[in-house]
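Visitor: Just passing along the structure, written as structure tokens.
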Amino acid sequence: MISTKPVTFVLAAAAMLLGVSAAAGPLVVRASGPSAASFKPGQRLPDAPLVLKAGDMVMVLDTKGTRSFSGPGSFSFSAPSAAASQPAFAALLVQKPERRARIGAVRGSRGEEKGAPVPPGIWAVDAGISSTVCARDPAAISLWRADPQAPATLTITRASDGAAASLAFAGGQAVAGLPAAVAGSAGTLRITGGKTPVAITIKSVSPAADIEALGAQFVAQGCDGQFARLAKLTVQPQ
């Protein structure tokens with residue numbers, strides 16, 4: 001007679017995991033105020049009322065997009081929010097190779113001009129800063145430069161095998177596709193020719209069902225810059 005105990009144990013474990021998943025709340029984007037130390041960027045909150053003190057502000061990301069809660073008060077993540085733009089959200093999940101981008105004002109999630117320039121969308125890679133970045137398709141990575149006024153040529157070397165290629169930006173060009181000679185796989189790329197040498201570590205991510213799932217992958221892989229940009233691009237109207 002075959003024992004059913006192992007099967008029973010596996011089913012029970014799976015049920016527990018499903019219970020944990022079902023009870024999982026949104027991801028923390030940032031927090032301020034007296035309770036800020038309790039809310040770390042990327043932290044998964046429980047699906048329970050969020051209790052905040054006076055002066056607290058917590059920004060979270062879930063399937064509804066990015067929302068902010070300010071204390072004092074108790075807040076439910078399941079409460080209705082402004083309608084999300086699903087077609088726009090779906091577009092965010094698509095990684096497309098960018099060959100050229102014109103110079104223009106850098107705008108925030110609601111169209112207002114904001115601070116220092118940042119790469120467009122969530123997939124373009126800042127060629128001037130060492131970082132860990134996520135890609136759904138390592139063969140379709142775009143590099144972006146913050147100052148596109150003058151022509152520039154970067155040398156990109158793949159750390160795994162020493163393969164190298166040059167990437168020329170024309171004057172006014174901010175974004176260009178990664179040369180095929182060094183594209184196509186996860187790993188580290190070394191970039192020279194800019195103000196300082198840069199190391200970009202590329203991590204692969206799988207297709208995501210929604211914005212929250214994509215954000216969770218960014219957090220897990222250490223792609224902090226993309227997580228922050230995703231949050232800015234999916235802010236829900238208050």
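Residue numbers start at 1 in each chain; chains themselves are named A, B, ... in the order of the structure tokens; ligands are numbered from 1 in the order shown.
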Find the residues near Ser204 (chain A): any atom within 8 Å, counting only C-alpha atoms, skip ones fewer than 3 places away on the same chain, and give them as a ChimeraX atom specification.
Guide: /A:134-138,186
Visitor: Between A:Gly128, A:Gly65, A:Pro120, A:Gly71, which one has atoms that come closest to Ile191 (chain A), using only C-alpha atoms?
Guide: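 Of all the options, A:Gly128 lies closest to Ile191 (chain A).
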Visitor: Would you please give, as a PyMOL selection string, all residues of region 27-237 of chain A that DSSP assigns to strand (DSSP E) based on the backbone?
Guide: chain A and resi 27-32+44-46+50-52+57-62+65-70+73-75+125-126+131-135+142-144+152-158+164-169+175-177+187-192+198-204
Visitor: Mind checking which residues fall within 10 Å of Cys223 (chain A), counting only C-alpha atoms, ignoring those fewer than 4 positions away in the same chain, and posting them as a ChimeraX atom specification?
Guide: /A:131-135,201-203,215-219,227-228
Visitor: Could you tell me how far CA of Ala220 (chain A) lies from CA of Ala36 (chain A), in Å and to one decimal?
Guide: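 CA of Ala36 (chain A) lies 21.2 Å from CA of Ala220 (chain A).
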Visitor: So how far away is CA of Lys53 (chain A) from CA of Ser35 (chain A), in Å?
Guide: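 Taking CA of Ser35 (chain A) as the start and CA of Lys53 (chain A) as the end point, the length is 7.2 Å.
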Visitor: Skip Ser130 (chain A) itself and residues of its chain fewer than 3 positions away, then list as an mmCIF file with all heavy atoms, in the first residue's frame all residues within 10 Å of it, counting only C-alpha atoms.
Guide:
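File written: result30.cif
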```
data_model
loop_
_atom_site.group_PDB
_atom_site.id
_atom_site.type_symbol
_atom_site.label_atom_id
_atom_site.label_comp_id
_atom_site.auth_asym_id
_atom_site.auth_seq_id
_atom_site.Cartn_x
_atom_site.Cartn_y
_atom_site.Cartn_z
ATOM 1 N N VAL A 125 18.427 52.066 -20.635
ATOM 2 C CA VAL A 125 19.491 51.976 -19.629
ATOM 3 C C VAL A 125 20.334 53.244 -19.633
ATOM 4 O O VAL A 125 20.799 53.681 -20.690
ATOM 5 C CB VAL A 125 20.396 50.749 -19.911
ATOM 6 C CG1 VAL A 125 21.563 50.704 -18.926
ATOM 7 C CG2 VAL A 125 19.581 49.462 -19.848
ATOM 8 N N ASP A 126 20.535 53.839 -18.474
ATOM 9 C CA ASP A 126 21.382 55.022 -18.338
ATOM 10 C C ASP A 126 22.835 54.606 -18.534
ATOM 11 O O ASP A 126 23.409 53.891 -17.716
ATOM 12 C CB ASP A 126 21.182 55.647 -16.959
ATOM 13 C CG ASP A 126 21.845 57.004 -16.815
ATOM 14 O OD1 ASP A 126 22.787 57.294 -17.589
ATOM 15 O OD2 ASP A 126 21.446 57.775 -15.921
ATOM 16 N N ALA A 127 23.447 55.068 -19.624
ATOM 17 C CA ALA A 127 24.814 54.676 -19.957
ATOM 18 C C ALA A 127 25.853 55.395 -19.114
ATOM 19 O O ALA A 127 27.046 55.085 -19.195
ATOM 20 C CB ALA A 127 25.095 54.947 -21.439
ATOM 21 N N VAL A 133 20.377 46.435 -14.019
ATOM 22 C CA VAL A 133 19.171 46.711 -14.791
ATOM 23 C C VAL A 133 18.522 45.399 -15.212
ATOM 24 O O VAL A 133 19.192 44.377 -15.368
ATOM 25 C CB VAL A 133 19.469 47.575 -16.035
ATOM 26 C CG1 VAL A 133 20.063 48.912 -15.631
ATOM 27 C CG2 VAL A 133 20.396 46.850 -16.990
ATOM 28 N N LEU A 189 28.263 44.554 -18.597
ATOM 29 C CA LEU A 189 28.835 45.325 -19.695
ATOM 30 C C LEU A 189 29.632 46.477 -19.099
ATOM 31 O O LEU A 189 29.161 47.149 -18.177
ATOM 32 C CB LEU A 189 27.737 45.888 -20.600
ATOM 33 C CG LEU A 189 26.828 44.891 -21.305
ATOM 34 C CD1 LEU A 189 25.719 45.629 -22.064
ATOM 35 C CD2 LEU A 189 27.632 44.020 -22.266
ATOM 36 N N ARG A 190 30.822 46.701 -19.633
ATOM 37 C CA ARG A 190 31.639 47.831 -19.202
ATOM 38 C C ARG A 190 31.615 48.888 -20.297
ATOM 39 O O ARG A 190 31.864 48.576 -21.469
ATOM 40 C CB ARG A 190 33.070 47.373 -18.899
ATOM 41 C CG ARG A 190 33.096 46.223 -17.882
ATOM 42 C CD ARG A 190 34.479 45.965 -17.326
ATOM 43 N NE ARG A 190 34.490 44.788 -16.460
ATOM 44 C CZ ARG A 190 34.033 44.740 -15.224
ATOM 45 N NH1 ARG A 190 33.523 45.841 -14.688
ATOM 46 N NH2 ARG A 190 34.079 43.622 -14.515
ATOM 47 N N ILE A 191 31.318 50.127 -19.900
ATOM 48 C CA ILE A 191 31.164 51.220 -20.860
ATOM 49 C C ILE A 191 32.210 52.285 -20.591
ATOM 50 O O ILE A 191 32.330 52.790 -19.467
ATOM 51 C CB ILE A 191 29.756 51.836 -20.775
ATOM 52 C CG1 ILE A 191 28.695 50.753 -21.028
ATOM 53 C CG2 ILE A 191 29.604 52.976 -21.771
ATOM 54 C CD1 ILE A 191 27.277 51.241 -20.855
ATOM 55 N N THR A 196 32.963 58.947 -16.920
ATOM 56 C CA THR A 196 33.634 57.965 -16.073
ATOM 57 C C THR A 196 33.300 56.569 -16.587
ATOM 58 O O THR A 196 32.258 56.361 -17.213
ATOM 59 C CB THR A 196 33.171 58.069 -14.600
ATOM 60 O OG1 THR A 196 31.751 57.871 -14.535
ATOM 61 C CG2 THR A 196 33.518 59.427 -14.017
ATOM 62 N N PRO A 197 34.172 55.580 -16.331
ATOM 63 C CA PRO A 197 33.847 54.198 -16.709
ATOM 64 C C PRO A 197 32.610 53.717 -15.951
ATOM 65 O O PRO A 197 32.407 54.062 -14.787
ATOM 66 C CB PRO A 197 35.102 53.415 -16.292
ATOM 67 C CG PRO A 197 36.183 54.437 -16.217
ATOM 68 C CD PRO A 197 35.521 55.699 -15.750
ATOM 69 N N VAL A 198 31.800 52.921 -16.613
ATOM 70 C CA VAL A 198 30.541 52.460 -16.046
ATOM 71 C C VAL A 198 30.433 50.951 -16.208
ATOM 72 O O VAL A 198 30.865 50.387 -17.211
ATOM 73 C CB VAL A 198 29.349 53.159 -16.766
ATOM 74 C CG1 VAL A 198 28.036 52.456 -16.468
ATOM 75 C CG2 VAL A 198 29.273 54.620 -16.351
ATOM 76 N N ALA A 199 29.850 50.291 -15.206
ATOM 77 C CA ALA A 199 29.567 48.854 -15.288
ATOM 78 C C ALA A 199 28.065 48.653 -15.146
ATOM 79 O O ALA A 199 27.460 49.083 -14.160
ATOM 80 C CB ALA A 199 30.311 48.097 -14.203
ATOM 81 N N ILE A 200 27.477 48.010 -16.142
ATOM 82 C CA ILE A 200 26.049 47.731 -16.145
ATOM 83 C C ILE A 200 25.849 46.223 -16.018
ATOM 84 O O ILE A 200 26.314 45.460 -16.871
ATOM 85 C CB ILE A 200 25.370 48.217 -17.433
ATOM 86 C CG1 ILE A 200 25.625 49.716 -17.658
ATOM 87 C CG2 ILE A 200 23.883 47.893 -17.418
ATOM 88 C CD1 ILE A 200 24.929 50.611 -16.674
ATOM 89 N N THR A 201 25.174 45.784 -14.976
ATOM 90 C CA THR A 201 24.872 44.366 -14.799
ATOM 91 C C THR A 201 23.433 44.107 -15.238
ATOM 92 O O THR A 201 22.501 44.692 -14.686
ATOM 93 C CB THR A 201 25.053 43.936 -13.335
ATOM 94 O OG1 THR A 201 26.412 44.158 -12.950
ATOM 95 C CG2 THR A 201 24.726 42.453 -13.168
#
```
Visitor: Using only C-alpha atoms, find the one residue out of A:Val235, A:Ala176, A:Ala159, A:Ala165 that sits nearest to Leu143 (chain A).
Guide: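 Distance minimum relative to Leu143 (chain A) lands on A:Ala176.
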Visitor: With only C-alpha atoms as the counted atoms, please give the residues lying no more than 8 Å from Val182 (chain A), apart from itself and same-chain residues fewer than 6 positions off, as a list in words.
Guide: Ile156, Thr157, Arg158, Ala163, Ala164 and Ala165 of chain A
Visitor: Write the residues you've just listed into a file as a short mmCIF file (atom, residue, chain, number, x, y, z; two decimals), in the first residue's frame, and include N, CA and C atoms for each of them.
Guide:
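Below you can see result33.cif, which holds the result:
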```cif
data_model
loop_
_atom_site.label_atom_id
_atom_site.label_comp_id
_atom_site.auth_asym_id
_atom_site.auth_seq_id
_atom_site.Cartn_x
_atom_site.Cartn_y
_atom_site.Cartn_z
N ILE A 156 31.74 49.63 -25.65
CA ILE A 156 31.03 48.71 -24.77
C ILE A 156 31.70 47.35 -24.83
N THR A 157 32.12 46.84 -23.67
CA THR A 157 32.83 45.56 -23.60
C THR A 157 32.05 44.59 -22.74
N ARG A 158 31.84 43.40 -23.24
CA ARG A 158 31.14 42.36 -22.49
C ARG A 158 32.14 41.66 -21.59
N ALA A 163 34.27 40.57 -25.64
CA ALA A 163 33.76 41.11 -26.91
C ALA A 163 33.48 42.60 -26.73
N ALA A 164 33.82 43.39 -27.74
CA ALA A 164 33.66 44.84 -27.64
C ALA A 164 33.05 45.41 -28.92
N ALA A 165 32.39 46.56 -28.77
CA ALA A 165 31.80 47.24 -29.91
C ALA A 165 31.69 48.72 -29.60
#
```
Visitor: When distances are computed from only C-alpha atoms, which of A:Ala79, A:Asp47, A:Ser70, A:Leu92 shows the smallest separation from Ala209 (chain A)?
Guide: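 Using only C-alpha atoms, Ala209 (chain A) sits closest to A:Leu92.
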